[in-house]
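Colleague: Contents of query.txt (compact mmCIF, C-alpha atoms and all ligand atoms) are given next:
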# COMPACT_ATOMS: atom_id res chain seq x y z
CA MET X 1264 -1.57 -14.21 65.15
CA PRO X 1265 -3.73 -16.41 62.90
CA VAL X 1266 -6.48 -14.84 60.83
CA GLN X 1267 -9.78 -14.71 62.72
CA PRO X 1268 -13.36 -14.83 61.53
CA ASP X 1269 -15.54 -11.72 61.96
CA PHE X 1270 -17.43 -12.97 65.00
CA ALA X 1271 -19.28 -9.65 65.43
CA ALA X 1272 -20.80 -10.17 61.97
CA HIS X 1273 -21.90 -13.68 62.97
CA LYS X 1274 -23.47 -12.41 66.20
CA LYS X 1275 -25.36 -9.75 64.26
CA ALA X 1276 -26.53 -12.31 61.68
CA LEU X 1277 -27.89 -14.58 64.40
CA LEU X 1278 -29.67 -11.77 66.25
CA ASP X 1279 -31.12 -10.45 62.99
CA ARG X 1280 -32.68 -13.86 62.28
CA LEU X 1281 -33.63 -14.98 65.77
CA PRO X 1282 -37.38 -14.44 66.29
CA GLU X 1283 -38.50 -12.51 69.38
CA GLY X 1284 -39.29 -14.92 72.20
CA GLU X 1285 -36.83 -17.56 71.00
CA ALA X 1286 -33.44 -18.32 72.52
CA VAL X 1287 -30.35 -20.34 71.65
CA LEU X 1288 -28.28 -22.44 74.04
CA LEU X 1289 -24.87 -23.76 72.97
CA PHE X 1290 -22.28 -25.80 74.82
CA GLY X 1291 -18.58 -26.10 74.03
CA ALA X 1292 -16.94 -29.34 72.98
CA PRO X 1293 -15.35 -31.48 75.70
CA THR X 1294 -11.63 -32.12 75.95
CA ARG X 1295 -10.74 -35.61 74.70
CA LEU X 1296 -8.12 -38.00 76.02
CA ARG X 1297 -6.07 -39.63 73.31
CA ASN X 1298 -4.63 -42.27 75.62
CA GLY X 1299 -3.16 -42.35 79.09
CA ASP X 1300 -2.92 -38.77 80.33
CA ALA X 1301 -2.35 -37.33 76.85
CA GLU X 1302 -5.07 -35.03 75.55
CA HIS X 1303 -5.85 -34.19 71.96
CA ARG X 1304 -5.24 -30.54 71.22
CA TYR X 1305 -8.51 -28.73 71.96
CA ARG X 1306 -10.72 -27.96 68.97
CA PRO X 1307 -13.72 -25.73 69.81
CA ASP X 1308 -17.24 -26.77 68.96
CA SER X 1309 -18.01 -25.25 65.56
CA ASP X 1310 -21.24 -23.51 66.63
CA VAL X 1311 -19.61 -21.89 69.68
CA TRP X 1312 -16.62 -20.89 67.58
CA TRP X 1313 -18.78 -19.46 64.78
CA LEU X 1314 -20.61 -17.23 67.23
CA THR X 1315 -17.95 -16.20 69.76
CA GLY X 1316 -14.45 -17.35 68.83
CA TRP X 1317 -14.09 -18.72 72.36
CA PRO X 1318 -11.13 -21.11 72.14
CA ASP X 1319 -11.36 -23.09 75.41
CA PRO X 1320 -13.47 -25.92 76.88
CA GLU X 1321 -16.18 -25.56 79.54
CA VAL X 1322 -18.23 -22.86 77.88
CA ALA X 1323 -21.94 -22.31 77.44
CA VAL X 1324 -23.54 -19.52 75.43
CA PHE X 1325 -27.10 -18.27 75.79
CA VAL X 1326 -28.50 -15.94 73.12
CA ALA X 1327 -31.80 -14.05 73.21
CA HIS X 1328 -33.06 -10.57 72.49
CA GLY X 1329 -32.84 -8.13 75.37
CA ASP X 1330 -30.33 -5.97 77.23
CA THR X 1331 -27.64 -8.66 77.19
CA PRO X 1332 -28.18 -10.67 73.99
CA VAL X 1333 -25.15 -12.95 74.43
CA THR X 1334 -24.48 -14.41 77.87
CA MET X 1335 -21.40 -16.60 78.23
CA PHE X 1336 -20.39 -19.00 80.98
CA VAL X 1337 -16.66 -19.64 80.85
CA GLN X 1338 -13.75 -20.98 82.87
CA PRO X 1339 -12.79 -18.32 85.44
CA ARG X 1340 -9.26 -17.02 85.82
CA ASP X 1341 -7.26 -19.45 87.97
CA PRO X 1342 -3.50 -18.93 88.25
CA THR X 1343 -2.86 -22.50 89.41
CA ALA X 1344 -4.84 -24.10 86.58
CA GLU X 1345 -3.38 -21.63 84.08
CA THR X 1346 0.11 -22.81 85.02
CA TRP X 1347 -0.81 -26.25 83.71
CA THR X 1348 -3.20 -25.71 80.82
CA GLY X 1349 -2.71 -22.15 79.63
CA ARG X 1350 -3.98 -18.63 79.95
CA ARG X 1351 -7.68 -18.00 80.40
CA ALA X 1352 -9.66 -14.92 79.44
CA GLY X 1353 -12.24 -15.46 82.17
CA PRO X 1354 -15.64 -13.73 82.25
CA GLU X 1355 -13.98 -10.31 82.03
CA GLY X 1356 -12.17 -11.35 78.86
CA ALA X 1357 -15.39 -12.83 77.46
CA ARG X 1358 -17.03 -9.42 77.76
CA ALA X 1359 -14.01 -7.43 76.59
CA ARG X 1360 -12.87 -9.60 73.68
CA PHE X 1361 -15.40 -12.29 72.76
CA GLY X 1362 -18.64 -10.43 72.19
CA ALA X 1363 -20.34 -11.39 75.45
CA ASP X 1364 -22.85 -8.85 76.77
CA ALA X 1365 -22.86 -10.67 80.11
CA ALA X 1366 -20.47 -13.32 81.39
CA PHE X 1367 -20.19 -15.59 84.40
CA ALA X 1368 -17.92 -18.33 85.65
CA TYR X 1369 -19.02 -21.69 84.23
CA ASP X 1370 -20.04 -23.01 87.63
CA ARG X 1371 -22.76 -20.34 87.76
CA LEU X 1372 -24.62 -21.92 84.85
CA GLU X 1373 -26.83 -24.17 86.94
CA ALA X 1374 -28.00 -21.23 89.05
CA GLU X 1375 -28.47 -18.76 86.18
CA LEU X 1376 -29.99 -20.90 83.43
CA PRO X 1377 -33.54 -21.14 84.87
CA ARG X 1378 -33.66 -17.33 85.04
CA LEU X 1379 -32.33 -16.95 81.48
CA LEU X 1380 -34.86 -19.42 80.10
CA GLN X 1381 -37.79 -17.48 81.51
CA GLY X 1382 -39.64 -15.26 79.09
CA HIS X 1383 -38.90 -17.44 76.05
CA THR X 1384 -41.32 -19.79 74.34
CA ALA X 1385 -38.84 -21.68 72.14
CA LEU X 1386 -35.25 -22.82 72.53
CA HIS X 1387 -32.74 -23.81 69.86
CA TYR X 1388 -30.67 -26.58 71.41
CA ALA X 1389 -28.98 -29.80 70.24
CA PHE X 1390 -30.54 -32.55 72.35
CA GLY X 1391 -28.77 -35.90 72.34
CA VAL X 1392 -25.19 -34.68 71.99
CA ASP X 1393 -24.26 -34.67 75.69
CA ALA X 1394 -26.40 -36.38 78.35
CA GLU X 1395 -25.14 -34.13 81.17
CA HIS X 1396 -26.05 -30.98 79.27
CA ASP X 1397 -29.47 -32.44 78.44
CA ALA X 1398 -30.06 -33.23 82.13
CA LEU X 1399 -28.96 -29.75 83.22
CA LEU X 1400 -31.31 -28.15 80.69
CA GLN X 1401 -34.23 -30.34 81.70
CA ALA X 1402 -33.69 -29.53 85.38
CA SER X 1403 -33.43 -25.82 84.53
CA ILE X 1404 -36.66 -25.89 82.56
CA HIS X 1405 -38.33 -27.65 85.45
CA LYS X 1406 -37.13 -24.93 87.85
CA ALA X 1407 -38.20 -22.19 85.48
CA ALA X 1408 -41.63 -23.79 85.13
CA ARG X 1409 -42.05 -23.87 88.90
CA SER X 1410 -41.25 -20.16 89.06
CA ALA X 1411 -43.62 -19.52 86.18
CA ARG X 1412 -46.54 -20.56 88.36
CA ARG X 1413 -45.82 -17.47 90.46
CA ASN X 1414 -44.39 -14.96 87.97
CA GLY X 1415 -46.35 -15.95 84.86
CA LEU X 1416 -43.33 -15.79 82.56
CA ASP X 1417 -43.10 -18.10 79.55
CA VAL X 1418 -40.88 -21.17 79.68
CA PRO X 1419 -39.64 -22.86 76.46
CA GLU X 1420 -42.07 -25.54 75.36
CA THR X 1421 -40.91 -25.72 71.74
CA PHE X 1422 -37.43 -26.98 70.91
CA HIS X 1423 -35.63 -26.58 67.62
CA ALA X 1424 -32.56 -28.46 66.44
CA PRO X 1425 -29.64 -26.16 65.53
CA SER X 1426 -30.28 -27.06 61.89
CA LYS X 1427 -33.38 -24.83 61.91
CA LEU X 1428 -31.61 -21.50 62.38
CA LEU X 1429 -27.96 -21.63 63.38
CA HIS X 1430 -26.92 -24.18 60.78
CA GLU X 1431 -28.87 -22.37 58.08
CA LEU X 1432 -26.76 -19.32 58.89
CA ARG X 1433 -23.56 -21.36 58.83
CA LEU X 1434 -24.56 -22.83 55.44
CA PHE X 1435 -24.45 -19.37 53.82
CA LYS X 1436 -20.92 -18.07 54.12
CA LEU X 1437 -20.40 -14.40 54.95
CA PRO X 1438 -17.53 -12.49 53.29
CA ASP X 1439 -15.13 -13.16 56.17
CA GLU X 1440 -15.84 -16.88 55.95
CA VAL X 1441 -15.27 -16.97 52.20
CA ALA X 1442 -11.96 -15.17 52.74
CA LEU X 1443 -10.88 -17.79 55.29
CA LEU X 1444 -11.95 -20.67 53.04
CA ARG X 1445 -10.04 -19.06 50.18
CA GLU X 1446 -6.91 -18.80 52.35
CA ALA X 1447 -7.31 -22.39 53.52
CA GLY X 1448 -7.65 -23.36 49.85
CA ARG X 1449 -4.54 -21.42 48.92
CA ILE X 1450 -2.35 -22.99 51.62
CA SER X 1451 -3.80 -26.45 50.96
CA ALA X 1452 -3.11 -26.13 47.24
CA GLU X 1453 0.48 -25.25 48.06
CA ALA X 1454 0.64 -28.32 50.30
CA HIS X 1455 -0.58 -30.51 47.44
CA VAL X 1456 2.20 -29.15 45.23
CA ALA X 1457 4.70 -29.93 48.05
CA ALA X 1458 3.28 -33.47 48.16
CA MET X 1459 3.70 -33.87 44.41
CA ARG X 1460 7.31 -32.76 44.72
CA ALA X 1461 8.02 -35.12 47.64
CA GLY X 1462 6.13 -38.11 46.29
CA ARG X 1463 8.64 -39.80 44.00
CA PRO X 1464 8.84 -43.62 43.86
CA GLY X 1465 10.59 -44.87 47.00
CA ALA X 1466 9.12 -42.16 49.24
CA ALA X 1467 6.92 -43.34 52.10
CA GLU X 1468 3.34 -42.15 52.25
CA TYR X 1469 4.13 -40.61 55.65
CA GLU X 1470 6.94 -38.55 54.15
CA ILE X 1471 4.44 -37.08 51.74
CA GLU X 1472 2.05 -36.48 54.64
CA SER X 1473 4.81 -34.63 56.51
CA ALA X 1474 5.45 -32.37 53.49
CA ILE X 1475 1.75 -31.52 53.44
CA GLU X 1476 1.41 -30.81 57.13
CA HIS X 1477 4.70 -28.90 57.23
CA THR X 1478 3.21 -26.58 54.61
CA PHE X 1479 0.01 -26.22 56.63
CA ARG X 1480 1.68 -25.31 59.92
CA ARG X 1481 4.49 -23.20 58.47
CA GLN X 1482 1.86 -20.76 57.22
CA GLY X 1483 0.00 -20.46 60.50
CA SER X 1484 -2.87 -22.81 59.70
CA GLU X 1485 -4.20 -24.67 62.74
CA GLY X 1486 -3.35 -27.88 60.88
CA PRO X 1487 -5.37 -30.48 58.96
CA GLY X 1488 -9.15 -30.10 59.00
CA TYR X 1489 -9.37 -33.91 58.89
CA THR X 1490 -6.83 -36.73 58.85
CA SER X 1491 -4.81 -36.53 55.65
CA ILE X 1492 -5.18 -39.41 53.20
CA VAL X 1493 -1.97 -40.28 51.34
CA ALA X 1494 -2.67 -43.42 49.34
CA ALA X 1495 -0.23 -44.87 46.82
CA GLY X 1496 -1.27 -47.38 44.17
CA ASP X 1497 -4.07 -49.73 45.18
CA ASN X 1498 -4.41 -47.98 48.58
CA ALA X 1499 -6.29 -45.25 46.72
CA ASN X 1500 -9.16 -47.71 46.41
CA ILE X 1501 -9.68 -47.59 50.19
CA LEU X 1502 -11.80 -44.47 50.57
CA HIS X 1503 -10.83 -43.67 54.18
CA TYR X 1504 -7.19 -44.81 53.99
CA ILE X 1505 -5.31 -42.91 56.72
CA VAL X 1506 -2.56 -45.24 57.94
CA ASN X 1507 -0.20 -43.71 55.33
CA ASP X 1508 2.55 -46.22 56.04
CA CYS X 1509 3.39 -47.76 52.64
CA VAL X 1510 6.17 -46.91 50.23
CA VAL X 1511 5.35 -45.46 46.80
CA ALA X 1512 6.28 -47.91 44.04
CA GLU X 1513 7.49 -47.14 40.53
CA GLY X 1514 4.45 -46.67 38.32
CA ASP X 1515 2.08 -45.81 41.20
CA LEU X 1516 -0.45 -43.06 41.17
CA VAL X 1517 -0.67 -41.28 44.53
CA LEU X 1518 -4.03 -40.02 45.80
CA VAL X 1519 -3.79 -37.25 48.39
CA ASP X 1520 -6.92 -35.96 50.15
CA ALA X 1521 -5.81 -33.19 52.51
CA GLY X 1522 -6.91 -29.72 53.55
CA CYS X 1523 -5.98 -27.32 56.33
CA GLU X 1524 -7.97 -25.13 58.68
CA VAL X 1525 -7.58 -21.36 58.77
CA GLY X 1526 -9.59 -19.71 61.53
CA HIS X 1527 -11.01 -23.26 61.81
CA TYR X 1528 -12.50 -23.09 58.30
CA THR X 1529 -11.20 -26.06 56.36
CA ALA X 1530 -10.28 -26.74 52.79
CA ASP X 1531 -10.88 -30.23 51.34
CA ILE X 1532 -8.76 -31.01 48.28
CA THR X 1533 -7.95 -34.28 46.53
CA ARG X 1534 -5.39 -34.69 43.81
CA THR X 1535 -4.10 -37.87 42.17
CA TRP X 1536 -0.78 -37.82 40.30
CA PRO X 1537 1.91 -40.10 38.88
CA ALA X 1538 4.79 -40.61 41.31
CA ASN X 1539 7.33 -40.92 38.51
CA GLY X 1540 6.02 -37.88 36.66
CA ARG X 1541 4.25 -39.66 33.77
CA PHE X 1542 0.76 -41.15 33.58
CA THR X 1543 0.69 -44.53 31.80
CA PRO X 1544 -1.88 -44.59 28.95
CA PRO X 1545 -4.47 -46.50 31.07
CA GLN X 1546 -3.89 -44.19 34.06
CA ARG X 1547 -4.28 -41.20 31.80
CA ARG X 1548 -7.57 -42.48 30.34
CA VAL X 1549 -9.07 -43.08 33.78
CA TYR X 1550 -7.71 -39.76 35.07
CA GLN X 1551 -9.21 -37.86 32.15
CA ALA X 1552 -12.57 -39.57 32.73
CA VAL X 1553 -12.63 -38.35 36.34
CA LEU X 1554 -11.46 -34.89 35.34
CA ASP X 1555 -14.16 -34.63 32.66
CA ALA X 1556 -16.78 -35.56 35.27
CA GLN X 1557 -15.37 -33.07 37.76
CA LEU X 1558 -15.33 -30.21 35.24
CA ALA X 1559 -18.88 -31.04 34.14
CA ALA X 1560 -20.07 -31.12 37.76
CA ILE X 1561 -18.38 -27.78 38.52
CA ALA X 1562 -20.07 -26.29 35.45
CA ALA X 1563 -23.40 -27.45 36.86
CA VAL X 1564 -22.94 -25.39 40.04
CA LYS X 1565 -25.06 -22.26 39.77
CA PRO X 1566 -27.97 -20.66 41.56
CA GLY X 1567 -31.17 -22.50 40.77
CA ALA X 1568 -29.52 -25.87 40.16
CA THR X 1569 -30.06 -28.43 42.90
CA PHE X 1570 -27.50 -30.26 45.00
CA MET X 1571 -28.53 -33.49 43.27
CA ASP X 1572 -28.19 -31.94 39.80
CA VAL X 1573 -24.46 -31.68 40.48
CA HIS X 1574 -24.21 -35.33 41.53
CA ASP X 1575 -26.35 -36.45 38.58
CA THR X 1576 -24.04 -34.57 36.20
CA ALA X 1577 -21.01 -36.36 37.62
CA ILE X 1578 -22.77 -39.73 37.51
CA ARG X 1579 -23.75 -39.32 33.85
CA SER X 1580 -20.25 -38.31 32.81
CA LEU X 1581 -18.60 -41.08 34.83
CA THR X 1582 -21.02 -43.77 33.66
CA THR X 1583 -20.48 -42.77 30.03
CA SER X 1584 -16.73 -43.08 30.62
CA MET X 1585 -17.14 -46.41 32.40
CA VAL X 1586 -18.68 -47.81 29.23
CA ALA X 1587 -15.90 -46.33 27.07
CA LEU X 1588 -13.26 -47.75 29.43
CA GLY X 1589 -14.80 -51.24 29.37
CA LEU X 1590 -15.79 -51.16 33.04
CA LEU X 1591 -19.51 -51.46 32.25
CA GLU X 1592 -21.55 -52.68 29.31
CA GLY X 1593 -24.97 -51.43 28.28
CA GLU X 1594 -26.97 -48.24 27.84
CA VAL X 1595 -25.89 -45.33 30.02
CA ASP X 1596 -29.48 -44.57 31.09
CA ASP X 1597 -30.01 -48.17 32.18
CA LEU X 1598 -26.69 -48.30 34.01
CA ILE X 1599 -27.63 -45.13 35.88
CA ALA X 1600 -31.14 -46.38 36.68
CA SER X 1601 -29.81 -49.70 38.00
CA GLU X 1602 -26.98 -47.93 39.86
CA ALA X 1603 -24.48 -50.25 38.14
CA TYR X 1604 -21.99 -47.36 38.25
CA LYS X 1605 -21.70 -47.83 42.02
CA ALA X 1606 -19.32 -50.74 41.36
CA TRP X 1607 -16.68 -48.11 40.48
CA TYR X 1608 -18.06 -44.89 42.03
CA MET X 1609 -19.82 -45.48 45.32
CA HIS X 1610 -19.83 -42.13 47.14
CA GLY X 1611 -21.54 -38.77 46.79
CA THR X 1612 -20.07 -36.00 44.65
CA SER X 1613 -20.44 -33.17 47.15
CA HIS X 1614 -20.90 -32.10 50.73
CA TRP X 1615 -21.16 -28.67 52.30
CA LEU X 1616 -17.87 -27.24 53.52
CA GLY X 1617 -17.04 -24.72 56.22
CA LEU X 1618 -16.05 -25.01 59.86
CA ASP X 1619 -16.65 -28.75 59.58
CA VAL X 1620 -15.30 -30.67 56.64
CA HIS X 1621 -18.73 -32.24 56.25
CA ASP X 1622 -20.37 -28.98 57.16
CA VAL X 1623 -23.80 -28.34 58.59
CA GLY X 1624 -26.85 -27.54 56.48
CA THR X 1625 -29.58 -29.75 55.08
CA TYR X 1626 -29.25 -31.34 51.66
CA ALA X 1627 -32.99 -31.51 51.02
CA ARG X 1628 -36.12 -29.61 51.94
CA GLY X 1629 -39.66 -30.91 51.83
CA GLY X 1630 -38.38 -34.11 50.25
CA ARG X 1631 -36.62 -32.23 47.42
CA SER X 1632 -32.96 -31.69 46.80
CA ARG X 1633 -31.76 -28.32 48.04
CA VAL X 1634 -31.58 -25.49 45.49
CA LEU X 1635 -28.12 -23.92 45.32
CA GLU X 1636 -27.90 -20.26 46.35
CA PRO X 1637 -25.04 -17.74 46.44
CA GLY X 1638 -22.89 -18.11 49.54
CA MET X 1639 -23.10 -21.88 49.79
CA VAL X 1640 -19.77 -23.73 49.59
CA LEU X 1641 -19.59 -27.35 48.50
CA THR X 1642 -17.00 -29.85 47.36
CA ILE X 1643 -16.96 -31.45 43.92
CA GLU X 1644 -15.19 -34.79 44.25
CA PRO X 1645 -15.92 -37.49 41.70
CA GLY X 1646 -13.67 -40.55 41.48
CA LEU X 1647 -13.18 -43.94 39.92
CA TYR X 1648 -11.97 -46.83 42.07
CA ILE X 1649 -10.77 -50.03 40.41
CA PRO X 1650 -9.16 -52.29 43.04
CA ALA X 1651 -6.30 -54.53 41.92
CA ALA X 1652 -8.42 -57.58 42.75
CA SER X 1653 -11.32 -56.53 40.45
CA GLU X 1654 -11.74 -59.42 38.07
CA ASP X 1655 -14.60 -57.55 36.35
CA ALA X 1656 -12.30 -54.75 35.19
CA PRO X 1657 -10.03 -54.71 32.12
CA ALA X 1658 -6.64 -55.99 33.31
CA ASP X 1659 -4.79 -52.79 32.46
CA LEU X 1660 -7.09 -50.68 34.66
CA ARG X 1661 -6.81 -52.78 37.81
CA GLY X 1662 -5.20 -51.06 40.78
CA ILE X 1663 -6.06 -47.55 39.59
CA GLY X 1664 -7.89 -45.33 42.08
CA ILE X 1665 -8.52 -41.67 41.27
CA ARG X 1666 -10.41 -38.83 42.93
CA ILE X 1667 -10.25 -35.12 42.11
CA GLU X 1668 -11.77 -32.72 44.63
CA ASP X 1669 -12.16 -28.96 44.69
CA ASP X 1670 -14.07 -26.52 46.89
CA VAL X 1671 -16.60 -24.35 45.14
CA LEU X 1672 -18.45 -21.20 46.20
CA VAL X 1673 -21.86 -20.61 44.63
CA THR X 1674 -21.92 -17.06 43.26
CA ALA X 1675 -24.65 -14.94 41.71
CA SER X 1676 -23.63 -15.96 38.20
CA GLY X 1677 -22.29 -19.49 38.72
CA CYS X 1678 -19.45 -20.50 40.94
CA GLU X 1679 -15.89 -19.78 42.00
CA VAL X 1680 -13.39 -22.59 42.58
CA LEU X 1681 -11.65 -21.70 45.85
CA THR X 1682 -8.93 -24.31 45.37
CA ALA X 1683 -7.94 -23.53 41.80
CA ASP X 1684 -4.26 -23.16 42.70
CA ALA X 1685 -3.87 -26.94 42.98
CA PRO X 1686 -2.83 -28.27 39.55
CA LYS X 1687 -5.15 -30.85 38.01
CA THR X 1688 -4.77 -31.17 34.26
CA VAL X 1689 -2.66 -34.10 33.03
CA GLU X 1690 -0.10 -31.67 31.66
CA ALA X 1691 0.08 -29.55 34.82
CA LEU X 1692 0.47 -32.59 37.05
CA GLU X 1693 3.18 -34.11 34.87
CA ALA X 1694 5.01 -30.78 34.92
CA VAL X 1695 4.92 -30.49 38.73
CA CYS X 1696 5.81 -34.16 39.24
CA ALA X 1697 8.61 -34.15 36.66
CA ARG X 1698 11.43 -35.78 38.57
CA ALA X 1699 14.28 -34.17 36.63
CA ALA X 1700 12.96 -30.78 37.72
CA ARG X 1701 12.92 -32.07 41.32
CA VAL X 1702 16.66 -32.86 41.20
CA ALA X 1703 17.63 -29.52 39.69
N1 LIG H 1801 -11.86 -35.46 53.04
C1 LIG H 1801 -13.15 -35.90 53.35
C2 LIG H 1801 -14.03 -35.87 52.19
O1 LIG H 1801 -13.57 -35.68 51.08
O2 LIG H 1801 -15.23 -35.95 52.30
MN MN H 1802 -14.77 -33.96 50.59
MN MN H 1803 -11.62 -34.84 50.74
Once more with this new file: its structure as structure tokens, please.

Modeller:
Amino acid sequence: MPVQPDFAAHKKALLDRLPEGEAVLLFGAPTRLRNGDAEHRYRPDSDVWWLTGWPDPEVAVFVAHGDTPVTMFVQPRDPTAETWTGRRAGPEGARARFGADAAFAYDRLEAELPRLLQGHTALHYAFGVDAEHDALLQASIHKAARSARRNGLDVPETFHAPSKLLHELRLFKLPDEVALLREAGRISAEAHVAAMRAGRPGAAEYEIESAIEHTFRRQGSEGPGYTSIVAAGDNANILHYIVNDCVVAEGDLVLVDAGCEVGHYTADITRTWPANGRFTPPQRRVYQAVLDAQLAAIAAVKPGATFMDVHDTAIRSLTTSMVALGLLEGEVDDLIASEAYKAWYMHGTSHWLGLDVHDVGTYARGGRSRVLEPGMVLTIEPGLYIPAASEDAPADLRGIGIRIEDDVLVTASGCEVLTADAPKTVEALEAVCARAARVA
């Protein structure tokens, strides 16, 4: 049985923060066809999962203070359907095992929602995600408003996006969530080491991908939290390279960006390493520049610093190195002000991490970058990308693409790197990639 989040703690956290008179309405994610009759494996909506752990489609969750704080609408038991698509817990299971205080079959939602909405002045709901859900809610509010003329009960007139309350809660990881992220980081780090061992010259990128995902699944992870990037040589300069169908050449660096989900919490790790076990001098200089920036950015993660402080730290370190490497000319301050560095480093340094790889939570408040607080988890992922066709780059640097990414928990005194098991110094990478050791 895979490790599970502490859903009771999440339910308590939401009820502790939900103001009286306000309610929350969540809908599950739909099933998705891949092609023909073949469905993607179902992945629950992250908000529904965070609150209930309900693993199946066709689910709605209504939360409000009262005798039955969590009401769930779920697929009912159905032996015929269960023969095809799997066992269902049904409303009884929702009450017994998924934290529901009341539960109905999903087809009761239309009849019950107007009643549930009554007595609440505000609703937290994600408009614009699903037109059918929006229409059902609007019709339910309309019905509730008609009843209100007779019974005088409030009907929601104020609507909040999930970012206001639910996503603020998800931004601050509880102890169970940190434990799951740590486990996802541990397994993912092991997968990166497996990739380094498999990724000798002559291996295909997909062989390396299979070593990674074998490691994920063998340990009970649900699988990748996002499509794994395995990019040899110049492919590393394509930020979202996921075809993974080339063969690693002698002298290539290999960039792997891969992380697994545990309890649906995902790691997000990038490592870049020499396929033949030795960095060339130019590769080593660029690698060290990215590593210096990454270590500086990690050191900047502490309560009181802002999200942008971390990015600015990486930018300053990388831009200084770009001048030293001959990628840019001029004063570092000017090159930062003019954003000249974006020629070689064009993405952000961090994003929040949790149930979604680009997790929920705002990055700014009142026009200012968000202040870091204990419990937040973010990635630190600087890079340098010098495509082979870059005529503006020194010839010996062309074709080098490097990113180094770790997952970092903000703590009371600074931060903890949750993915520290993945090697990243030049020496450690050369030791793991040493091909003689691979043969032995
Ligand atoms: N793997 C996705 C990202 O690094 O943002
Ligand atoms: Mn990332
Ligand atoms: Mn990544």

Colleague: Excluding Ala1559 in chain X and its own-chain neighbours fewer than 5 positions away, which residues fall within 10 Å of it when counting all atoms listed in the file? Please give them as an mmCIF file with C-alpha atoms, keeping the file's coordinate frame.

Modeller:
data_model
loop_
_atom_site.group_PDB
_atom_site.id
_atom_site.type_symbol
_atom_site.label_atom_id
_atom_site.label_comp_id
_atom_site.auth_asym_id
_atom_site.auth_seq_id
_atom_site.Cartn_x
_atom_site.Cartn_y
_atom_site.Cartn_z
ATOM 1 C CA VAL X 1553 -12.630 -38.350 36.340
ATOM 2 C CA LEU X 1554 -11.460 -34.890 35.340
ATOM 3 C CA VAL X 1564 -22.940 -25.390 40.040
ATOM 4 C CA VAL X 1573 -24.460 -31.680 40.480
ATOM 5 C CA THR X 1576 -24.040 -34.570 36.200
ATOM 6 C CA ALA X 1577 -21.010 -36.360 37.620
ATOM 7 C CA ARG X 1579 -23.750 -39.320 33.850
ATOM 8 C CA SER X 1580 -20.250 -38.310 32.810
ATOM 9 C CA ILE X 1643 -16.960 -31.450 43.920
#

Colleague: Using only C-alpha atoms, determine which residues lie at most 9 Å from Asp1341 in chain X, disregarding the query and same-chain residues fewer than 3 positions distant; provide the list as a ChimeraX atom specification.

Modeller: /X:1338,1344-1346,1350-1351,1353

Colleague: Store the residues picked out above in a file with C-alpha atoms, as a PDB file, keeping the file's coordinate frame.

Modeller:
ATOM      1  CA  GLN X1338     -13.750 -20.980  82.870  1.00  0.00           C
ATOM      2  CA  ALA X1344      -4.840 -24.100  86.580  1.00  0.00           C
ATOM      3  CA  GLU X1345      -3.380 -21.630  84.080  1.00  0.00           C
ATOM      4  CA  THR X1346       0.110 -22.810  85.020  1.00  0.00           C
ATOM      5  CA  ARG X1350      -3.980 -18.630  79.950  1.00  0.00           C
ATOM      6  CA  ARG X1351      -7.680 -18.000  80.400  1.00  0.00           C
ATOM      7  CA  GLY X1353     -12.240 -15.460  82.170  1.00  0.00           C
TER       8      GLY X1353
END

Colleague: With 12 Å as the cut-off and all atoms listed in the file counted, what is the closest atom pair between each nearby residue of range 1465-1502 of chain X and range 1302-1316 of chain X? Distances in Å to one decimal, ordered by chain and number, as JSON lines.

Modeller:
{"residue": "X:Glu1485", "atom": "CA", "partner": "X:Arg1306", "partner_atom": "CA", "distance": 9.6}
{"residue": "X:Gly1486", "atom": "CA", "partner": "X:Arg1304", "partner_atom": "CA", "distance": 10.8}
{"residue": "X:Pro1487", "atom": "CA", "partner": "X:Arg1306", "partner_atom": "CA", "distance": 11.6}
{"residue": "X:Gly1488", "atom": "CA", "partner": "X:Arg1306", "partner_atom": "CA", "distance": 10.3}
{"residue": "X:Tyr1489", "atom": "CA", "partner": "X:Arg1306", "partner_atom": "CA", "distance": 11.8}

Colleague: Throw together the list of residues within 8 Å of ligand MN 1802 (chain H), counting only C-alpha atoms and all ligand atoms, and drop it here as a PyMOL selection string.

Modeller: chain X and resi 1531-1533+1613-1614+1616+1620-1621+1642-1644+1668

Colleague: Interatomic distance between CA of Trp1536 in chain X and CA of Ala1447 in chain X?

Modeller: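 Between CA of Trp1536 in chain X and CA of Ala1447 in chain X the gap works out to 21.3 Å.
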
Colleague: Tell me, as JSON, numbers by chain, which residues lie within 12 Å of Glu1472 in chain X, counting only C-alpha atoms; anything in the same chain fewer than 6 positions away does not count.

Modeller: {"X": [1454, 1455, 1456, 1457, 1458, 1459, 1460, 1461, 1462, 1466, 1478, 1479, 1486, 1487, 1490, 1491, 1492, 1493, 1494, 1495, 1505, 1506, 1507, 1508, 1509, 1517, 1518, 1519, 1520, 1521, 1522]}

Colleague: List the spatial neighbours of Glu1321 in chain X as a list in words - criterion: any atom at most 12 Å away, all atoms listed in the file, same-chain residues fewer than 5 positions off excluded.

Modeller: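 My list of contacting residues is Leu1289, Phe1290, Gly1291, Ala1292, Pro1293, Thr1294, Tyr1305, Pro1307, Asp1308, Val1311, Met1335, Phe1336, Val1337, Gln1338, Pro1339, Arg1351, Gly1353, Phe1367, Ala1368, Tyr1369, Asp1370, Arg1371, Leu1372 and His1396 of chain X.
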
Colleague: Given only C-alpha atoms and all ligand atoms as the basis, pick out the residue of X:Ala1530, X:Ala1352, X:Ala1606, X:Ala1272 nearest to ligand MN 1803 (chain H).

Modeller: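 The closest residue to ligand MN 1803 (chain H) is X:Ala1530.
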